[in-house]
>>> print(open('target_18.cif').read())   # mmCIF, C-alpha atoms; chains and numbers go by the auth columns
data_my_file
#
loop_
_atom_site.group_PDB
_atom_site.id
_atom_site.type_symbol
_atom_site.label_atom_id
_atom_site.label_comp_id
_atom_site.label_asym_id
_atom_site.label_seq_id
_atom_site.Cartn_x
_atom_site.Cartn_y
_atom_site.Cartn_z
_atom_site.B_iso_or_equiv
_atom_site.auth_seq_id
_atom_site.auth_asym_id
ATOM 1 C CA MET A 1 79.133 66.200 104.749 0.00 1 E
ATOM 2 C CA THR A 2 77.883 65.982 108.285 0.00 2 E
ATOM 3 C CA SER A 3 79.017 68.765 110.586 0.00 3 E
ATOM 4 C CA ARG A 4 79.007 66.495 113.663 0.00 4 E
ATOM 5 C CA PHE A 5 82.344 64.997 112.696 0.00 5 E
ATOM 6 C CA PRO A 6 84.858 66.789 114.973 0.00 6 E
ATOM 7 C CA ASP A 7 87.362 69.057 113.208 0.00 7 E
ATOM 8 C CA GLU A 8 90.328 67.405 114.905 0.00 8 E
ATOM 9 C CA ARG A 9 89.223 63.944 113.706 0.00 9 E
ATOM 10 C CA ARG A 10 88.592 65.349 110.227 0.00 10 E
ATOM 11 C CA ARG A 11 92.141 66.736 110.072 0.00 11 E
ATOM 12 C CA GLU A 12 93.499 63.384 111.290 0.00 12 E
ATOM 13 C CA VAL A 13 91.585 61.456 108.621 0.00 13 E
ATOM 14 C CA LEU A 14 92.630 63.878 105.883 0.00 14 E
ATOM 15 C CA ALA A 15 96.304 63.752 106.925 0.00 15 E
ATOM 16 C CA ALA A 16 96.286 59.941 107.030 0.00 16 E
ATOM 17 C CA THR A 17 94.584 59.801 103.626 0.00 17 E
ATOM 18 C CA ARG A 18 97.133 62.172 102.114 0.00 18 E
ATOM 19 C CA ASP A 19 99.994 60.110 103.578 0.00 19 E
ATOM 20 C CA LEU A 20 98.520 56.887 102.208 0.00 20 E
ATOM 21 C CA VAL A 21 98.029 58.362 98.732 0.00 21 E
ATOM 22 C CA ALA A 22 101.584 59.752 98.727 0.00 22 E
ATOM 23 C CA GLU A 23 102.962 56.373 99.843 0.00 23 E
ATOM 24 C CA ARG A 24 100.757 53.945 97.875 0.00 24 E
ATOM 25 C CA GLY A 25 99.147 55.959 95.106 0.00 25 E
ATOM 26 C CA TYR A 26 95.463 56.531 94.570 0.00 26 E
ATOM 27 C CA SER A 27 94.569 53.073 93.256 0.00 27 E
ATOM 28 C CA SER A 28 96.162 51.246 96.183 0.00 28 E
ATOM 29 C CA THR A 29 94.684 53.541 98.806 0.00 29 E
ATOM 30 C CA THR A 30 91.403 52.168 100.057 0.00 30 E
ATOM 31 C CA VAL A 31 88.742 53.479 102.385 0.00 31 E
ATOM 32 C CA GLU A 32 89.459 50.381 104.472 0.00 32 E
ATOM 33 C CA ALA A 33 93.115 51.398 104.808 0.00 33 E
ATOM 34 C CA VAL A 34 92.142 54.921 105.864 0.00 34 E
ATOM 35 C CA ALA A 35 89.658 53.503 108.359 0.00 35 E
ATOM 36 C CA ALA A 36 92.317 51.213 109.836 0.00 36 E
ATOM 37 C CA ALA A 37 94.946 53.966 109.981 0.00 37 E
ATOM 38 C CA THR A 38 92.617 56.353 111.792 0.00 38 E
ATOM 39 C CA ARG A 39 90.564 53.858 113.811 0.00 39 E
ATOM 40 C CA THR A 40 87.434 55.136 112.125 0.00 40 E
ATOM 41 C CA SER A 41 84.671 52.976 110.730 0.00 41 E
ATOM 42 C CA LYS A 42 84.276 52.709 106.974 0.00 42 E
ATOM 43 C CA ALA A 43 80.633 53.703 107.422 0.00 43 E
ATOM 44 C CA THR A 44 81.674 56.962 109.078 0.00 44 E
ATOM 45 C CA LEU A 45 84.091 57.747 106.259 0.00 45 E
ATOM 46 C CA TYR A 46 81.468 57.025 103.612 0.00 46 E
ATOM 47 C CA ARG A 47 78.913 59.089 105.511 0.00 47 E
ATOM 48 C CA GLN A 48 81.320 62.049 105.678 0.00 48 E
ATOM 49 C CA TRP A 49 82.760 61.927 102.155 0.00 49 E
ATOM 50 C CA GLY A 50 80.465 59.735 100.086 0.00 50 E
ATOM 51 C CA ASP A 51 83.242 57.959 98.211 0.00 51 E
ATOM 52 C CA LYS A 52 86.988 57.460 98.055 0.00 52 E
ATOM 53 C CA ALA A 53 87.464 60.080 95.345 0.00 53 E
ATOM 54 C CA ALA A 54 85.899 62.866 97.427 0.00 54 E
ATOM 55 C CA LEU A 55 87.924 61.842 100.487 0.00 55 E
ATOM 56 C CA VAL A 56 91.218 61.780 98.581 0.00 56 E
ATOM 57 C CA VAL A 57 90.611 65.058 96.775 0.00 57 E
ATOM 58 C CA GLU A 58 89.737 66.840 100.020 0.00 58 E
ATOM 59 C CA ALA A 59 92.794 65.307 101.708 0.00 59 E
ATOM 60 C CA VAL A 60 95.122 66.429 98.946 0.00 60 E
ATOM 61 C CA SER A 61 93.553 69.901 98.883 0.00 61 E
ATOM 62 C CA ALA A 62 93.620 70.273 102.659 0.00 62 E
ATOM 63 C CA GLY A 63 97.318 69.446 102.826 0.00 63 E
ATOM 64 C CA SER A 64 98.323 72.729 101.269 0.00 64 E
ATOM 65 C CA PRO A 65 95.398 74.760 100.029 0.00 65 E
ATOM 66 C CA LEU A 66 95.826 77.372 97.357 0.00 66 E
ATOM 67 C CA ALA A 67 94.530 80.816 98.221 0.00 67 E
ATOM 68 C CA ILE A 68 94.434 82.481 94.812 0.00 68 E
ATOM 69 C CA ASP A 69 91.219 84.222 95.803 0.00 69 E
ATOM 70 C CA ARG A 70 93.140 86.179 98.467 0.00 70 E
ATOM 71 C CA ILE A 71 95.706 87.544 96.020 0.00 71 E
ATOM 72 C CA ASP A 72 95.364 91.172 94.961 0.00 72 E
ATOM 73 C CA THR A 73 98.699 92.984 94.751 0.00 73 E
ATOM 74 C CA GLY A 74 97.410 95.804 92.568 0.00 74 E
ATOM 75 C CA SER A 75 99.067 94.609 89.352 0.00 75 E
ATOM 76 C CA LEU A 76 98.746 91.658 87.011 0.00 76 E
ATOM 77 C CA ALA A 77 102.464 90.905 87.205 0.00 77 E
ATOM 78 C CA GLY A 78 102.353 90.972 91.006 0.00 78 E
ATOM 79 C CA ASP A 79 99.246 88.810 91.150 0.00 79 E
ATOM 80 C CA LEU A 80 100.681 86.182 88.805 0.00 80 E
ATOM 81 C CA ALA A 81 103.976 86.188 90.712 0.00 81 E
ATOM 82 C CA ALA A 82 102.030 85.525 93.930 0.00 82 E
ATOM 83 C CA VAL A 83 100.065 82.727 92.218 0.00 83 E
ATOM 84 C CA VAL A 84 103.198 80.989 90.968 0.00 84 E
ATOM 85 C CA ASP A 85 104.870 81.391 94.353 0.00 85 E
ATOM 86 C CA GLN A 86 101.965 79.463 95.898 0.00 86 E
ATOM 87 C CA LEU A 87 102.177 76.808 93.197 0.00 87 E
ATOM 88 C CA ALA A 88 105.956 76.477 93.614 0.00 88 E
ATOM 89 C CA ALA A 89 105.629 76.099 97.372 0.00 89 E
ATOM 90 C CA ARG A 90 103.378 73.079 96.814 0.00 90 E
ATOM 91 C CA ALA A 91 105.005 71.516 93.761 0.00 91 E
ATOM 92 C CA ALA A 92 107.480 69.100 95.381 0.00 92 E
ATOM 93 C CA VAL A 93 104.752 67.363 97.372 0.00 93 E
ATOM 94 C CA ASP A 94 101.738 67.878 95.146 0.00 94 E
ATOM 95 C CA VAL A 95 103.042 67.135 91.648 0.00 95 E
ATOM 96 C CA PRO A 96 103.700 63.407 92.281 0.00 96 E
ATOM 97 C CA ILE A 97 100.271 63.081 93.894 0.00 97 E
ATOM 98 C CA VAL A 98 98.560 64.981 91.070 0.00 98 E
ATOM 99 C CA LEU A 99 100.278 62.842 88.446 0.00 99 E
ATOM 100 C CA GLY A 100 99.082 59.727 90.257 0.00 100 E
ATOM 101 C CA LEU A 101 95.556 61.111 90.467 0.00 101 E
ATOM 102 C CA ALA A 102 95.593 61.967 86.767 0.00 102 E
ATOM 103 C CA GLY A 103 96.366 58.365 85.876 0.00 103 E
ATOM 104 C CA ALA A 104 93.826 57.008 88.328 0.00 104 E
ATOM 105 C CA GLY A 105 91.185 59.362 86.942 0.00 105 E
ATOM 106 C CA GLN A 106 91.230 57.328 83.739 0.00 106 E
ATOM 107 C CA ARG A 107 89.929 54.328 85.703 0.00 107 E
ATOM 108 C CA ASP A 108 87.739 56.005 88.341 0.00 108 E
ATOM 109 C CA PRO A 109 85.152 58.369 86.842 0.00 109 E
ATOM 110 C CA ALA A 110 84.335 59.861 90.261 0.00 110 E
ATOM 111 C CA LEU A 111 87.861 61.225 90.602 0.00 111 E
ATOM 112 C CA PRO A 112 87.868 63.795 87.753 0.00 112 E
ATOM 113 C CA ALA A 113 84.491 65.118 88.936 0.00 113 E
ATOM 114 C CA ALA A 114 85.755 65.493 92.504 0.00 114 E
ATOM 115 C CA LEU A 115 88.952 67.176 91.300 0.00 115 E
ATOM 116 C CA SER A 116 87.041 69.529 89.038 0.00 116 E
ATOM 117 C CA SER A 117 84.723 70.653 91.827 0.00 117 E
ATOM 118 C CA ARG A 118 87.738 71.345 94.071 0.00 118 E
ATOM 119 C CA LEU A 119 89.734 73.181 91.382 0.00 119 E
ATOM 120 C CA LEU A 120 86.893 75.278 89.933 0.00 120 E
ATOM 121 C CA PRO A 121 87.160 77.991 92.637 0.00 121 E
ATOM 122 C CA GLN A 122 90.875 78.381 91.816 0.00 122 E
ATOM 123 C CA VAL A 123 90.079 78.740 88.109 0.00 123 E
ATOM 124 C CA GLU A 124 87.464 81.375 88.983 0.00 124 E
ATOM 125 C CA ALA A 125 90.055 83.160 91.132 0.00 125 E
ATOM 126 C CA LEU A 126 92.438 83.249 88.134 0.00 126 E
ATOM 127 C CA ARG A 127 89.633 84.739 86.053 0.00 127 E
ATOM 128 C CA ALA A 128 89.209 87.401 88.735 0.00 128 E
ATOM 129 C CA VAL A 129 92.947 88.198 88.526 0.00 129 E
ATOM 130 C CA VAL A 130 92.553 88.768 84.790 0.00 130 E
ATOM 131 C CA GLY A 131 89.314 90.723 85.298 0.00 131 E
ATOM 132 C CA ARG A 132 91.000 93.108 87.730 0.00 132 E
ATOM 133 C CA ALA A 133 93.867 93.621 85.258 0.00 133 E
ATOM 134 C CA VAL A 134 91.345 94.463 82.534 0.00 134 E
ATOM 135 C CA ALA A 135 89.566 96.896 84.884 0.00 135 E
ATOM 136 C CA ARG A 136 92.906 98.592 85.700 0.00 136 E
ATOM 137 C CA GLY A 137 93.678 98.933 81.979 0.00 137 E
ATOM 138 C CA GLU A 138 96.630 96.532 82.078 0.00 138 E
ATOM 139 C CA LEU A 139 94.986 94.164 79.604 0.00 139 E
ATOM 140 C CA PRO A 140 92.580 94.508 76.702 0.00 140 E
ATOM 141 C CA VAL A 141 89.002 93.399 77.289 0.00 141 E
ATOM 142 C CA ASP A 142 88.688 89.602 76.880 0.00 142 E
ATOM 143 C CA PRO A 143 92.334 88.798 76.125 0.00 143 E
ATOM 144 C CA PRO A 144 92.255 85.584 74.049 0.00 144 E
ATOM 145 C CA ALA A 145 95.038 83.898 76.038 0.00 145 E
ATOM 146 C CA ALA A 146 93.113 84.292 79.325 0.00 146 E
ATOM 147 C CA ARG A 147 91.058 81.166 78.679 0.00 147 E
ATOM 148 C CA HIS A 148 94.289 79.167 78.490 0.00 148 E
ATOM 149 C CA LEU A 149 95.805 80.556 81.700 0.00 149 E
ATOM 150 C CA PRO A 150 94.795 77.674 84.041 0.00 150 E
ATOM 151 C CA TYR A 151 96.137 75.100 81.575 0.00 151 E
ATOM 152 C CA LEU A 152 99.371 77.001 80.982 0.00 152 E
ATOM 153 C CA LEU A 153 99.992 77.292 84.719 0.00 153 E
ATOM 154 C CA ALA A 154 99.170 73.622 85.333 0.00 154 E
ATOM 155 C CA GLY A 155 101.468 72.604 82.493 0.00 155 E
ATOM 156 C CA ALA A 156 104.300 74.778 83.782 0.00 156 E
ATOM 157 C CA VAL A 157 104.030 73.179 87.219 0.00 157 E
ATOM 158 C CA VAL A 158 103.810 69.574 86.029 0.00 158 E
ATOM 159 C CA ALA A 159 105.971 69.558 82.876 0.00 159 E
ATOM 160 C CA PRO A 160 109.422 69.625 84.545 0.00 160 E
ATOM 161 C CA THR A 161 108.641 66.438 86.472 0.00 161 E
ATOM 162 C CA LEU A 162 107.091 64.755 83.435 0.00 162 E
ATOM 163 C CA LEU A 163 109.858 65.704 81.016 0.00 163 E
ATOM 164 C CA ASP A 164 112.948 65.818 83.207 0.00 164 E
ATOM 165 C CA GLY A 165 112.155 63.189 85.829 0.00 165 E
ATOM 166 C CA PRO A 166 110.899 63.014 89.396 0.00 166 E
ATOM 167 C CA ALA A 167 113.738 65.100 90.799 0.00 167 E
ATOM 168 C CA ALA A 168 112.838 68.059 88.575 0.00 168 E
ATOM 169 C CA VAL A 169 110.428 70.341 90.406 0.00 169 E
ATOM 170 C CA ALA A 170 108.989 73.632 89.201 0.00 170 E
ATOM 171 C CA ASP A 171 110.468 76.148 91.629 0.00 171 E
ATOM 172 C CA ALA A 172 109.500 79.795 92.078 0.00 172 E
ATOM 173 C CA GLY A 173 112.316 81.082 89.845 0.00 173 E
ATOM 174 C CA TYR A 174 111.303 78.853 86.962 0.00 174 E
ATOM 175 C CA LEU A 175 107.605 79.643 87.341 0.00 175 E
ATOM 176 C CA ARG A 176 108.273 83.390 87.554 0.00 176 E
ATOM 177 C CA SER A 177 110.234 83.144 84.302 0.00 177 E
ATOM 178 C CA VAL A 178 107.239 81.378 82.738 0.00 178 E
ATOM 179 C CA CYS A 179 105.127 84.354 83.871 0.00 179 E
ATOM 180 C CA ASP A 180 107.508 86.923 82.443 0.00 180 E
ATOM 181 C CA ASP A 181 108.431 85.076 79.244 0.00 181 E
ATOM 182 C CA VAL A 182 105.132 83.399 78.363 0.00 182 E
ATOM 183 C CA LEU A 183 102.043 84.315 80.382 0.00 183 E
ATOM 184 C CA LEU A 184 102.293 88.111 80.516 0.00 184 E
ATOM 185 C CA PRO A 185 103.208 88.482 76.815 0.00 185 E
ATOM 186 C CA ALA A 186 100.483 86.007 75.803 0.00 186 E
ATOM 187 C CA LEU A 187 97.921 87.979 77.763 0.00 187 E
ATOM 188 C CA GLY A 188 99.076 91.207 76.118 0.00 188 E
ATOM 189 C CA ALA A 189 100.671 92.732 79.224 0.00 189 E
ATOM 190 C CA ALA A 190 104.041 94.390 79.510 0.00 190 E
ATOM 191 C CA CYS A 191 106.630 92.438 81.483 0.00 191 E
ATOM 192 C CA ARG A 192 107.859 93.793 84.813 0.00 192 E
#
>>> encode(input="target_18.cif", output="structure tokens")
Amino acid sequence: MTSRFPDERRREVLAATRDLVAERGYSSTTVEAVAAATRTSKATLYRQWGDKAALVVEAVSAGSPLAIDRIDTGSLAGDLAAVVDQLAARAAVDVPIVLGLAGAGQRDPALPAALSSRLLPQVEALRAVVGRAVARGELPVDPPAARHLPYLLAGAVVAPTLLDGPAAVADAGYLRSVCDDVLLPALGAACR
């Protein structure tokens, strides 16, 4: 990415891209459409992002970034509650987009790679949450369920929409119950 692209223009392009993906889906969103919506040349967009997948993933991430790396409440239960609160705050907007991206990723090999690079820091932040809990003595060293934590959280956020329909959204109450009933016991921690 070139740093000469002004921040205000970058935010405008990312917002327009996110809107287009939410409205049309990933497959029907084109770099040409983003260029037209933002009065930016396709060449500039390709120079800044390299490809459509990188542009879309940054746009989706920029719309409501997770900040798991900033969470440290002093307890595993508190940290996981803060994580699920962030996920719940994003779910209504992000789950339909993520489901669309998941389907599109089957046809566009650049998309899963771009998503993985964007999500890896959040996975590392979850590992740090578990590591701090181990250091505090809340969890045994290397709890077996820890490796499943990112998948369990992702499933808890997406499953209501997949199983119960588009109107079903994983809210904070539901996700906190998943923490208390599933995640904490699986990790070997006492519930709150």
>>> residues_around(input="target_18.cif", residues="E:Ala59", least_positions_apart="5", cutoff="9 Å", atoms="only C-alpha atoms", output="compact mmCIF listing (two decimals) with C-alpha atoms, in the frame of the given file")
# COMPACT_ATOMS: atom_id res chain seq x y z
CA ARG E 11 92.14 66.74 110.07
CA VAL E 13 91.58 61.46 108.62
CA LEU E 14 92.63 63.88 105.88
CA ALA E 15 96.30 63.75 106.92
CA ALA E 16 96.29 59.94 107.03
CA THR E 17 94.58 59.80 103.63
CA ARG E 18 97.13 62.17 102.11
CA ALA E 54 85.90 62.87 97.43
>>> closest_residue(input="target_18.cif", among="E:Val31, E:Ala156, E:Arg132, E:Leu87", to="E:Asp181", atoms="all atoms listed in the file")
E:Ala156
>>> resolve_selection(input="target_18.cif", expression="the PyMOL selection byres ((chain E and resi 89-101) around 7)", output="ChimeraX atom specification")
/E:22,25-26,64,85-88,102-105,157-158,169-170
>>> closest_residue(input="target_18.cif", among="E:Asp108, E:Leu55, E:Asp72, E:Ala77", to="E:Ser27", atoms="all atoms listed in the file")
E:Asp108
>>> closest_residue(input="target_18.cif", among="E:Pro185, E:Pro166, E:Gly155, E:Val56", to="E:Ser28", atoms="only C-alpha atoms")
E:Val56
>>> closest_residue(input="target_18.cif", among="E:Ala186, E:Leu152, E:Leu66, E:Val21", to="E:Arg118", atoms="only C-alpha atoms")
E:Leu66
>>> residues_around(input="target_18.cif", residues="E:Val129", least_positions_apart="6", cutoff="9 Å", atoms="only C-alpha atoms", output="list in words")
Ile68, Asp69, Ile71, Asp72, Ser75, Leu76, Asp79 and Leu80 of chain E
>>> closest_residue(input="target_18.cif", among="E:Leu126, E:Leu20, E:Ala145, E:Ala114", to="E:Ala67", atoms="all atoms listed in the file")
E:Leu126
>>> atom_distance(input="target_18.cif", atom1="atom CA of E:Glu138", atom2="atom CA of E:Ala189")
6.2 Å
>>> atom_distance(input="target_18.cif", atom1="atom CA of E:Thr30", atom2="atom CA of E:Pro121")
27.2 Å
>>> closest_residue(input="target_18.cif", among="E:Ala81, E:Leu115, E:Val57, E:Leu183", to="E:Asp171", atoms="all atoms listed in the file")
E:Ala81
>>> atom_distance(input="target_18.cif", atom1="atom CA of E:Ala53", atom2="atom CA of E:Arg147")
27.1 Å
>>> resolve_selection(input="target_18.cif", expression="the PyMOL selection byres ((chain E and resi 9) around 12)", output="list of chain:residue names")
E:Ser3, E:Arg4, E:Phe5, E:Pro6, E:Asp7, E:Glu8, E:Arg10, E:Arg11, E:Glu12, E:Val13, E:Leu14, E:Ala15, E:Ala16, E:Ala35, E:Thr38, E:Arg39, E:Thr40, E:Thr44, E:Leu45, E:Gln48
>>> axis_aligned_box(input="target_18.cif", around="stretch 51-70 of chain E", padding_each_side="4 Å", output="lines of an AutoDock Vina configuration file")
center_x = 90.8
center_y = 71.8
center_z = 98.8
size_x = 23.1
size_y = 36.7
size_z = 16.0
>>> resolve_selection(input="target_18.cif", expression="the PyMOL selection byres ((chain E and resi 143) around 9)", output="list in words")
Val130, Val134, Leu139, Pro140, Val141, Asp142, Pro144, Ala145, Ala146, Arg147, Ala186, Leu187 and Gly188 of chain E
